[in-house]
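Here's final12.txt, which has compact mmCIF, C-alpha atoms:
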```
# COMPACT_ATOMS: atom_id res chain seq x y z
CA MET W 5 17.63 101.03 93.47
CA LEU W 6 15.38 100.44 90.48
CA THR W 7 15.76 104.05 89.31
CA ALA W 8 19.51 103.67 89.45
CA ILE W 9 19.47 100.53 87.34
CA LEU W 10 17.04 102.02 84.86
CA ALA W 11 18.83 105.35 84.60
CA LEU W 12 22.24 103.81 84.10
CA GLY W 13 20.82 101.25 81.72
CA ALA W 14 19.10 103.95 79.69
CA LEU W 15 22.25 106.03 79.63
CA ALA W 16 24.31 103.05 78.48
CA LEU W 17 21.69 102.29 75.83
CA VAL W 18 21.75 105.85 74.52
CA PHE W 19 25.54 105.85 74.42
CA GLY W 20 25.57 102.45 72.76
CA LEU W 21 23.16 103.66 70.09
CA LEU W 22 25.20 106.80 69.60
CA LEU W 23 28.41 104.83 69.13
CA GLY W 24 26.68 102.29 66.93
CA PHE W 25 25.32 105.08 64.77
CA ALA W 26 28.71 106.74 64.66
CA ALA W 27 30.37 103.50 63.65
CA VAL W 28 28.08 103.28 60.64
CA ARG W 29 27.93 106.98 59.86
CA PHE W 30 31.65 107.64 60.16
CA LYS W 31 32.84 104.39 58.68
CA VAL W 32 36.19 104.66 56.94
CA GLU W 33 36.37 102.57 53.85
CA GLY W 34 39.65 100.98 53.04
CA ASP W 35 40.01 99.25 49.70
CA PRO W 36 39.26 95.57 50.39
CA LEU W 37 41.10 94.56 47.24
CA VAL W 38 44.35 96.05 48.52
CA GLU W 39 44.04 93.98 51.69
CA LYS W 40 43.52 90.80 49.71
CA ILE W 41 46.45 91.47 47.39
CA ASP W 42 48.66 92.43 50.32
CA ALA W 43 47.81 89.16 52.02
CA LEU W 44 49.17 87.23 49.03
CA LEU W 45 52.48 89.09 48.89
CA PRO W 46 55.44 87.62 50.81
CA GLN W 47 55.91 90.67 53.12
CA THR W 48 59.66 90.76 52.67
CA GLN W 49 59.37 94.55 52.12
CA CYS W 50 62.38 94.18 49.82
CA GLY W 51 61.33 96.78 47.26
CA GLN W 52 62.46 94.72 44.28
CA CYS W 53 59.12 95.43 42.63
CA GLY W 54 60.03 99.11 42.46
CA PHE W 55 57.67 100.12 45.25
CA PRO W 56 58.75 100.93 48.81
CA GLY W 57 57.20 97.78 50.29
CA CYS W 58 54.58 95.12 49.85
CA ARG W 59 51.59 97.27 50.69
CA PRO W 60 52.44 100.08 48.25
CA TYR W 61 52.90 97.40 45.58
CA ALA W 62 49.50 95.93 46.47
CA THR W 63 47.94 99.40 46.20
CA ALA W 64 49.56 99.90 42.81
CA ILE W 65 48.27 96.54 41.57
CA ALA W 66 44.77 97.39 42.75
CA LYS W 67 44.90 100.71 40.93
CA GLY W 68 46.21 99.00 37.81
CA GLU W 69 49.49 100.89 37.91
CA ALA W 70 51.67 97.83 38.31
CA ASP W 71 51.69 94.39 36.80
CA ILE W 72 51.39 91.22 38.84
CA ASN W 73 54.74 89.76 37.83
CA GLN W 74 57.12 92.06 39.69
CA CYS W 75 57.69 90.13 42.91
CA PRO W 76 60.83 87.96 42.85
CA PRO W 77 60.61 86.68 46.44
CA GLY W 78 57.08 85.48 45.83
CA GLY W 79 58.04 83.97 42.51
CA GLN W 80 55.70 82.06 40.28
CA THR W 81 53.52 80.94 43.19
CA THR W 82 52.58 84.51 44.04
CA ILE W 83 51.99 85.42 40.41
CA VAL W 84 49.59 82.51 39.97
CA ALA W 85 47.76 83.39 43.19
CA LEU W 86 47.46 87.04 42.13
CA ALA W 87 46.25 86.06 38.67
CA ASP W 88 43.65 83.87 40.35
CA LEU W 89 42.46 86.69 42.59
CA LEU W 90 42.30 89.31 39.86
CA GLY W 91 41.02 87.07 37.08
CA ARG W 92 44.02 87.70 34.86
CA ASP W 93 46.36 85.36 33.05
CA PRO W 94 49.53 84.41 34.94
CA LYS W 95 52.74 85.42 33.22
CA PRO W 96 56.41 84.75 33.95
CA LEU W 97 58.32 86.88 36.40
CA ASN W 98 59.56 90.14 34.94
CA PRO W 99 63.36 89.72 34.68
CA GLU W 100 63.84 93.46 35.26
CA ASN W 101 62.77 92.97 38.87
CA GLY W 102 65.10 90.08 39.57
CA GLN W 103 65.35 86.33 39.60
CA GLU W 104 63.32 84.02 41.73
CA LYS W 105 65.59 82.48 44.29
CA VAL W 106 65.68 78.73 44.44
CA GLU W 107 66.59 78.42 48.08
CA LYS W 108 65.90 80.68 51.03
CA THR W 109 68.91 82.68 52.18
CA VAL W 110 69.72 84.96 55.10
CA ALA W 111 72.31 87.68 55.39
CA ILE W 112 75.29 87.15 57.64
CA ILE W 113 77.82 89.81 58.62
CA ARG W 114 81.48 88.87 58.86
CA GLU W 115 81.94 90.55 62.15
CA ASP W 116 85.72 90.94 62.12
CA ILE W 117 85.52 93.02 58.95
CA CYS W 118 82.48 95.14 59.91
CA ILE W 119 83.47 98.77 60.59
CA GLY W 120 80.18 99.77 62.22
CA CYS W 121 79.02 102.25 59.59
CA THR W 122 75.27 101.54 60.14
CA LEU W 123 74.57 101.75 56.38
CA CYS W 124 73.13 98.24 56.30
CA ILE W 125 70.90 99.04 59.28
CA GLN W 126 69.34 101.87 57.34
CA ALA W 127 68.86 99.66 54.30
CA CYS W 128 67.16 96.83 56.16
CA PRO W 129 63.39 97.00 55.61
CA VAL W 130 62.53 94.72 58.53
CA ASP W 131 64.98 95.99 61.18
CA ALA W 132 66.76 92.68 61.33
CA ILE W 133 70.24 94.19 61.75
CA LEU W 134 71.42 95.16 65.18
CA GLY W 135 74.31 97.52 65.87
CA ALA W 136 75.43 101.02 66.73
CA PRO W 137 77.86 103.48 65.13
CA LYS W 138 81.42 102.16 65.29
CA GLN W 139 80.18 99.00 66.94
CA MET W 140 80.05 95.65 65.26
CA HIS W 141 76.71 94.83 63.64
CA THR W 142 74.95 91.54 63.48
CA VAL W 143 71.92 90.06 61.76
CA ILE W 144 69.00 88.68 63.68
CA GLU W 145 68.66 85.54 61.65
CA LYS W 146 65.06 84.92 62.65
CA GLU W 147 63.96 88.34 61.34
CA CYS W 148 65.98 88.37 58.12
CA THR W 149 63.86 87.90 55.01
CA GLY W 150 66.83 87.42 52.70
CA CYS W 151 66.00 90.41 50.53
CA GLU W 152 69.66 91.31 49.88
CA LEU W 153 69.04 95.04 50.25
CA CYS W 154 71.85 95.31 52.80
CA VAL W 155 74.48 93.78 50.53
CA ALA W 156 74.89 96.71 48.15
CA PRO W 157 75.34 99.57 50.70
CA CYS W 158 78.10 97.80 52.67
CA PRO W 159 81.38 99.67 51.98
CA VAL W 160 83.61 96.78 53.06
CA GLU W 161 81.54 94.00 51.52
CA CYS W 162 81.29 92.02 54.70
CA ILE W 163 77.72 90.81 54.17
CA ASP W 164 77.19 87.40 52.65
CA MET W 165 73.97 85.72 51.73
CA ILE W 166 74.03 82.16 52.95
CA PRO W 167 71.40 79.51 52.36
CA VAL W 168 69.31 78.63 55.37
CA LYS W 169 70.14 75.23 56.73
CA GLU W 170 67.14 73.04 57.06
CA ASP W 171 66.46 71.80 60.55
CA ILE W 172 63.43 70.59 62.46
CA GLY W 173 62.33 74.17 63.11
CA SER W 174 62.43 75.39 59.54
CA TRP W 175 61.52 72.23 57.64
CA LYS W 176 58.41 72.45 55.54
CA TRP W 177 56.59 70.04 53.29
CA LYS W 178 57.87 70.30 49.79
CA ALA W 179 55.26 71.46 47.32
CA PRO W 180 54.26 68.65 44.98
CA PRO W 181 55.91 68.95 41.58
CA ALA W 182 53.68 70.85 39.19
CA PRO W 183 51.84 68.55 36.81
CA ALA W 184 52.94 70.77 33.94
CA THR W 185 52.55 69.85 30.27
CA ARG W 186 52.90 66.16 30.66
CA PRO W 187 53.38 64.59 27.26
CA ARG W 188 50.33 62.57 26.41
CA ALA W 189 51.06 58.89 26.43
CA GLU W 190 50.63 57.90 22.87
CA SER W 191 51.56 54.32 23.30
CA ASP W 192 48.34 53.74 25.22
CA ALA W 193 46.16 53.90 22.22
CA MET I 25 34.40 137.78 82.98
CA LYS I 26 36.88 138.18 85.79
CA GLU I 27 35.75 134.89 87.27
CA TYR I 28 36.37 133.07 84.00
CA ALA I 29 39.84 134.54 83.69
CA LEU I 30 40.52 133.49 87.27
CA ILE I 31 39.39 129.93 86.56
CA LEU I 32 41.73 129.71 83.59
CA LEU I 33 44.66 131.19 85.48
CA SER I 34 44.03 128.99 88.46
CA THR I 35 43.83 125.74 86.50
CA VAL I 36 46.77 126.48 84.20
CA LEU I 37 49.25 127.79 86.75
CA VAL I 38 48.20 127.90 90.38
CA ASN I 39 46.36 124.59 90.65
CA ASN I 40 48.09 122.85 87.79
CA PHE I 41 46.59 119.39 87.52
CA VAL I 42 49.83 117.53 87.04
CA LEU I 43 52.27 119.36 89.25
CA VAL I 44 50.05 120.60 92.06
CA LYS I 45 47.08 118.22 92.17
CA PHE I 46 49.17 115.25 90.95
CA LEU I 47 46.52 113.99 88.53
CA GLY I 48 47.29 112.53 85.13
CA LEU I 49 50.77 111.44 86.09
CA CYS I 50 50.73 108.30 83.96
CA PRO I 51 50.81 110.06 80.58
CA PHE I 52 53.06 112.71 82.14
CA MET I 53 55.74 110.12 82.84
CA GLY I 54 54.80 107.66 80.12
CA VAL I 55 54.57 109.68 76.92
CA SER I 56 57.05 112.44 77.66
CA LYS I 57 60.15 110.80 76.25
CA LYS I 58 59.80 112.53 72.92
CA LEU I 59 58.61 116.04 72.22
CA GLU I 60 56.48 115.01 69.24
CA THR I 61 54.51 112.36 71.07
CA ALA I 62 54.08 114.68 74.03
CA THR I 63 52.64 117.34 71.75
CA GLY I 64 50.28 114.84 70.15
CA MET I 65 49.12 113.62 73.54
CA SER I 66 48.61 117.20 74.69
CA PHE I 67 46.37 118.10 71.79
CA ALA I 68 44.30 114.96 72.12
CA THR I 69 43.91 115.49 75.85
CA THR I 70 42.92 119.13 75.42
CA PHE I 71 40.17 118.16 73.05
CA VAL I 72 38.80 115.28 75.11
CA LEU I 73 39.11 117.02 78.47
CA THR I 74 37.14 120.06 77.38
CA LEU I 75 34.43 118.00 75.74
CA SER I 76 34.10 115.42 78.48
CA SER I 77 33.98 118.00 81.25
CA ALA I 78 31.06 119.69 79.50
CA CYS I 79 29.31 116.38 78.82
CA SER I 80 29.67 115.08 82.34
CA TYR I 81 28.32 118.37 83.66
CA LEU I 82 25.22 117.97 81.50
CA VAL I 83 24.72 114.34 82.51
CA ASN I 84 25.11 115.20 86.18
CA GLU I 85 22.84 118.22 86.05
CA TYR I 86 20.01 116.80 83.98
CA LEU I 87 20.08 113.11 84.81
CA LEU I 88 21.78 112.28 88.09
CA VAL I 89 20.64 115.19 90.25
CA PRO I 90 16.92 115.14 89.29
CA LEU I 91 16.78 111.38 89.91
CA GLY I 92 18.76 111.60 93.14
CA LEU I 93 21.48 109.32 91.84
CA GLU I 94 24.54 111.32 92.85
CA PHE I 95 26.15 108.20 94.29
CA LEU I 96 26.53 106.84 90.74
CA ARG I 97 28.58 109.86 89.70
CA THR I 98 32.00 108.25 89.35
CA MET I 99 30.71 105.30 87.40
CA THR I 100 28.59 107.43 85.10
CA PHE I 101 31.43 109.82 84.40
CA ILE I 102 33.73 106.96 83.44
CA LEU I 103 31.05 105.84 81.00
CA VAL I 104 30.66 109.36 79.61
CA ILE I 105 34.41 109.81 79.18
CA ALA I 106 34.79 106.46 77.44
CA VAL I 107 31.99 107.32 75.04
CA VAL I 108 33.35 110.80 74.31
CA VAL I 109 36.78 109.35 73.54
CA GLN I 110 35.36 106.66 71.29
CA PHE I 111 33.11 109.07 69.47
CA THR I 112 35.90 111.58 69.01
CA GLU I 113 38.12 108.88 67.59
CA MET I 114 35.52 107.83 65.03
CA VAL I 115 34.71 111.35 63.90
CA MET I 116 38.37 112.21 63.67
CA HIS I 117 39.19 109.07 61.71
CA LYS I 118 36.56 110.02 59.16
CA HIS I 119 36.95 113.76 58.85
CA PHE I 120 40.48 114.58 60.00
CA PRO I 121 42.57 111.58 58.94
CA LEU I 122 45.76 113.63 59.21
CA LEU I 123 45.12 114.55 62.84
CA TYR I 124 44.01 110.98 63.49
CA ASN I 125 47.34 109.67 62.22
CA VAL I 126 49.26 112.14 64.38
CA LEU I 127 47.37 111.34 67.58
CA GLY I 128 47.12 107.64 66.77
CA ILE I 129 47.28 105.48 69.85
CA PHE I 130 47.08 108.41 72.29
CA LEU I 131 43.42 109.03 71.71
CA PRO I 132 42.09 105.79 73.27
CA LEU I 133 44.73 106.05 76.00
CA ILE I 134 43.08 109.20 77.34
CA THR I 135 40.14 107.15 78.61
CA THR I 136 42.31 106.03 81.49
CA ASN I 137 43.79 109.46 82.20
CA CYS I 138 42.75 110.21 85.75
CA ALA I 139 42.92 113.97 85.15
CA VAL I 140 39.88 113.65 82.89
CA LEU I 141 37.80 111.99 85.57
CA GLY I 142 39.32 114.30 88.18
CA VAL I 143 38.19 117.40 86.30
CA ALA I 144 34.66 116.05 85.93
CA LEU I 145 34.40 115.25 89.62
CA LEU I 146 36.01 118.50 90.78
CA ASN I 147 33.54 120.44 88.65
CA ILE I 148 30.72 119.00 90.71
CA GLN I 149 32.56 119.43 93.98
CA GLU I 150 33.13 123.13 93.33
CA SER I 151 29.56 123.51 91.98
CA HIS I 152 30.58 125.01 88.67
CA GLY I 153 28.01 126.09 86.07
CA PHE I 154 28.15 124.95 82.45
CA VAL I 155 30.51 127.61 81.11
CA GLU I 156 32.65 127.35 84.21
CA SER I 157 32.90 123.57 83.77
CA LEU I 158 33.89 124.02 80.17
CA LEU I 159 36.56 126.56 81.09
CA TYR I 160 37.77 124.49 84.01
CA GLY I 161 38.24 121.51 81.70
CA PHE I 162 39.93 123.58 79.05
CA GLY I 163 42.21 125.30 81.56
CA ALA I 164 43.17 121.98 83.10
CA ALA I 165 44.00 120.67 79.65
CA VAL I 166 46.08 123.72 78.75
CA GLY I 167 47.96 123.37 82.02
CA PHE I 168 48.49 119.69 81.35
CA SER I 169 49.71 120.38 77.81
CA MET I 170 52.09 123.09 78.92
CA VAL I 171 53.69 121.01 81.64
CA MET I 172 53.79 117.96 79.41
CA ILE I 173 55.57 119.74 76.57
CA LEU I 174 58.02 121.46 78.92
CA PHE I 175 58.78 118.17 80.62
CA ALA I 176 59.25 116.32 77.35
CA ALA I 177 61.67 118.98 76.13
CA MET I 178 63.62 118.66 79.36
CA ARG I 179 63.71 114.89 79.16
CA GLU I 180 65.09 115.07 75.65
CA ARG I 181 67.95 117.13 77.01
CA ILE I 182 68.44 114.84 79.99
CA ALA I 183 68.65 111.84 77.68
CA ALA I 184 71.81 113.34 76.21
CA ALA I 185 73.22 114.60 79.50
CA ASP I 186 75.79 112.87 81.67
CA VAL I 187 73.60 111.68 84.52
CA PRO I 188 75.20 109.76 87.41
CA LEU I 189 74.63 106.05 86.97
CA ALA I 190 72.37 105.66 89.98
CA PHE I 191 69.97 108.36 88.72
CA ARG I 192 69.63 107.27 85.12
CA GLY I 193 66.26 106.57 83.53
CA PRO I 194 63.02 107.02 85.48
CA ALA I 195 64.87 108.21 88.61
CA ILE I 196 66.13 111.44 87.06
CA ALA I 197 62.76 111.92 85.35
CA LEU I 198 61.00 111.76 88.72
CA VAL I 199 63.55 114.11 90.28
CA THR I 200 62.94 116.55 87.43
CA ALA I 201 59.19 116.29 87.86
CA GLY I 202 59.59 116.96 91.57
CA LEU I 203 61.69 120.05 90.92
CA MET I 204 59.13 121.30 88.41
CA SER I 205 56.39 120.72 90.93
CA MET I 206 58.30 122.73 93.51
CA ALA I 207 58.75 125.54 91.00
CA PHE I 208 55.02 125.54 90.34
CA MET I 209 54.36 125.93 94.05
CA GLY I 210 55.65 129.44 93.59
CA PHE I 211 52.52 130.29 91.64
CA SER I 212 50.33 129.73 94.69
CA GLY I 213 51.10 133.26 95.79
CA LEU I 214 49.98 134.66 92.45
CA VAL I 215 46.32 135.16 93.31
CA ARG I 216 45.17 136.28 96.70
CA VAL I 217 41.75 134.95 97.47
```

How would this structure read if it were set down as structure tokens?
Amino acid sequence: MLTAILALGALALVFGLLLGFAAVRFKVEGDPLVEKIDALLPQTQCGQCGFPGCRPYATAIAKGEADINQCPPGGQTTIVALADLLGRDPKPLNPENGQEKVEKTVAIIREDICIGCTLCIQACPVDAILGAPKQMHTVIEKECTGCELCVAPCPVECIDMIPVKEDIGSWKWKAPPAPATRPRAESDA
Amino acid sequence: MKEYALILLSTVLVNNFVLVKFLGLCPFMGVSKKLETATGMSFATTFVLTLSSACSYLVNEYLLVPLGLEFLRTMTFILVIAVVVQFTEMVMHKHFPLLYNVLGIFLPLITTNCAVLGVALLNIQESHGFVESLLYGFGAAVGFSMVMILFAAMRERIAAADVPLAFRGPAIALVTAGLMSMAFMGFSGLVRV
């Protein structure tokens, strides 16, 4: 009885030590900076920055190959957060990458026009479009990030971007208005 | 030498672990929908099976038998297999990242493959030596891989075939597996003992 407990315990201890050693010895180092940058990006995977997704863009920023102002969905908020993280000066969004959208939109397919070509399905970075060849497609509204990548490939132009209606589920606190360059009250003096 | 060849032949064809001994059926049915994943699973299993069958032989021979603890065999072997899988995964992640990406999720899944435990236990039952255990494990894995890849290829065809409604999905897969198993029974006449 005691031998059994001791033997199994010793075996487990040896294995535990072996695995613990292996975990240290064979540790794979990811770049922690990439993780942090990736966490700040909006994860729309829209590719408007010129990279095939948010993580590649984060990698490029970490390597210094890309600037921090190339993310239209994130807008000024993301740029400021990135500047904070990297200790750089925030700058305005690069107009070459696109405009910051004022309101959140989702794609909607006019289903009577859709010819079922599947081109938009292939364009969608988040798999939010459902459909099959020669069958009508539709957008899963909950998954759509509003990146507009599906609009251009559609041959019959049946995809519209519509603003998201605000309801109890999607309502969020408005950010307080930025206390930007407030003119100094001169009359006080 | 002849014995070793016989062990290989017997485990790959005559006593195939999946189709004759009916071990390791979960990955056989579960990961055989696509040829690529089946191939990945096969390679991972081959590696782990060979290694774990050697390791469990050593543990049994030099720890359990001298201490008279044979009754702990099953439990100990599960421990050994789990450790081998974990260790393999770590080493692979570090040194063969490409292979690690291909095998991905299949590596940890092997821990629960009953063929792995079955091989370790059968080794003891048939009182194999070290080299024999190693070969037995390797042969079992090769047999598993072969059947797995064949089955996956067949399932890919079946997916496109016009199967009667009542047989679609897992039903036709099980029927196929049964037919394969029957075909493998033919090998039992291959070696006369």

**OP:** Could you give me, as a list in words, the residues within 9 Å of segment 25-35 of chain W, counting all atoms listed in the file and dropping anything in the same chain fewer than 3 positions from it?
**Re:**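 Once the adjacent positions are removed, what remains is Gly20, Leu21, Leu22, Val38, Glu39, Thr63 and Ala66 of chain W; Phe111, Met114, Val115, Met116, His117, Lys118 and His119 of chain I.
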
Original post:
So what do you get for atom CA of Thr136 of chain I versus atom CA of Gly163 of chain I, distance-wise?
Top reply: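 About the pair atom CA of Thr136 of chain I and atom CA of Gly163 of chain I: they are 19.3 Å apart.
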
Original post:
With distances taken over all atoms listed in the file, which of W:Lys146, W:Lys176, W:His141, W:Lys95 is nearest to Gly120 of chain W?
Top reply: W:His141

**OP:** Check the smallest atom-to-atom distance from each of I:Ala195, I:Cys79, I:Leu87, I:Leu93 to Phe154 of chain I using all atoms listed in the file, then report the winner.
**Re:** I:Cys79

**OP:** For segment 97-108 of chain I, work out the shell of residues within 8 Å, counting all atoms listed in the file and skipping chain neighbours fewer than 3 positions away, then give it as a ChimeraX atom specification.
**Re:** /W:12,16,19,23 /I:72,75-76,79-80,84,88,93-94,111-112,135,140-141,144-145

**OP:** For atom CA of Asp42 of chain W and atom CA of Ala87 of chain W, quote the distance in Å rounded to one decimal.
**Re:**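 Taking atom CA of Asp42 of chain W as the start and atom CA of Ala87 of chain W as the end point, the length is 13.5 Å.
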
Original post:
Within 12 Å of Gly64 of chain I, counting only C-alpha atoms, which residues qualify if same-chain residues fewer than 6 places away don't, as a list in words?
Top reply: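 Those residues are Pro51, Val55, Ser56, Lys58, Thr70, Phe71, Leu122, Leu123, Tyr124, Asn125, Val126, Leu127, Gly128, Ile129, Phe130, Leu131, Leu133, Ile134, Ser169, Met172, Ile173 and Ala176 of chain I.
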
**OP:** In Å, rounded to a single decimal, give me how far atom CA of Pro188 of chain I is from atom CA of Leu43 of chain I.
**Re:** 24.9 Å

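Near segment 108-110 of chain W, within 8 Å and counting only C-alpha atoms, sit Glu145, Cys148, Thr149, Gly150, Met165, Ile166, Pro167 and Val168 of chain W; same-chain residues fewer than 6 positions away were not included.
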
9 Å contact set for Tyr160 of chain I, all atoms listed in the file, chain neighbours under 3 positions out, as a CSV table (one decimal) with C-alpha atoms, in the frame of the given file:
```
chain,number,residue,atom,x,y,z
I,28,TYR,CA,36.4,133.1,84.0
I,31,ILE,CA,39.4,129.9,86.6
I,32,LEU,CA,41.7,129.7,83.6
I,34,SER,CA,44.0,129.0,88.5
I,35,THR,CA,43.8,125.7,86.5
I,74,THR,CA,37.1,120.1,77.4
I,77,SER,CA,34.0,118.0,81.2
I,143,VAL,CA,38.2,117.4,86.3
I,147,ASN,CA,33.5,120.4,88.6
I,152,HIS,CA,30.6,125.0,88.7
I,155,VAL,CA,30.5,127.6,81.1
I,156,GLU,CA,32.6,127.4,84.2
I,157,SER,CA,32.9,123.6,83.8
I,163,GLY,CA,42.2,125.3,81.6
I,164,ALA,CA,43.2,122.0,83.1
I,165,ALA,CA,44.0,120.7,79.6
```

**OP:** Between W:Arg114, W:Leu6, W:Ile83, W:Ala11, single out the one closest to Val89 of chain I, counting only C-alpha atoms.
**Re:**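 Using only C-alpha atoms, the shortest distance to Val89 of chain I belongs to W:Ala11.
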
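Nearest to chain W of all the residues I:Thr61, I:Gln110, I:Gln149, I:Thr69 is I:Gln110, counting all atoms listed in the file.
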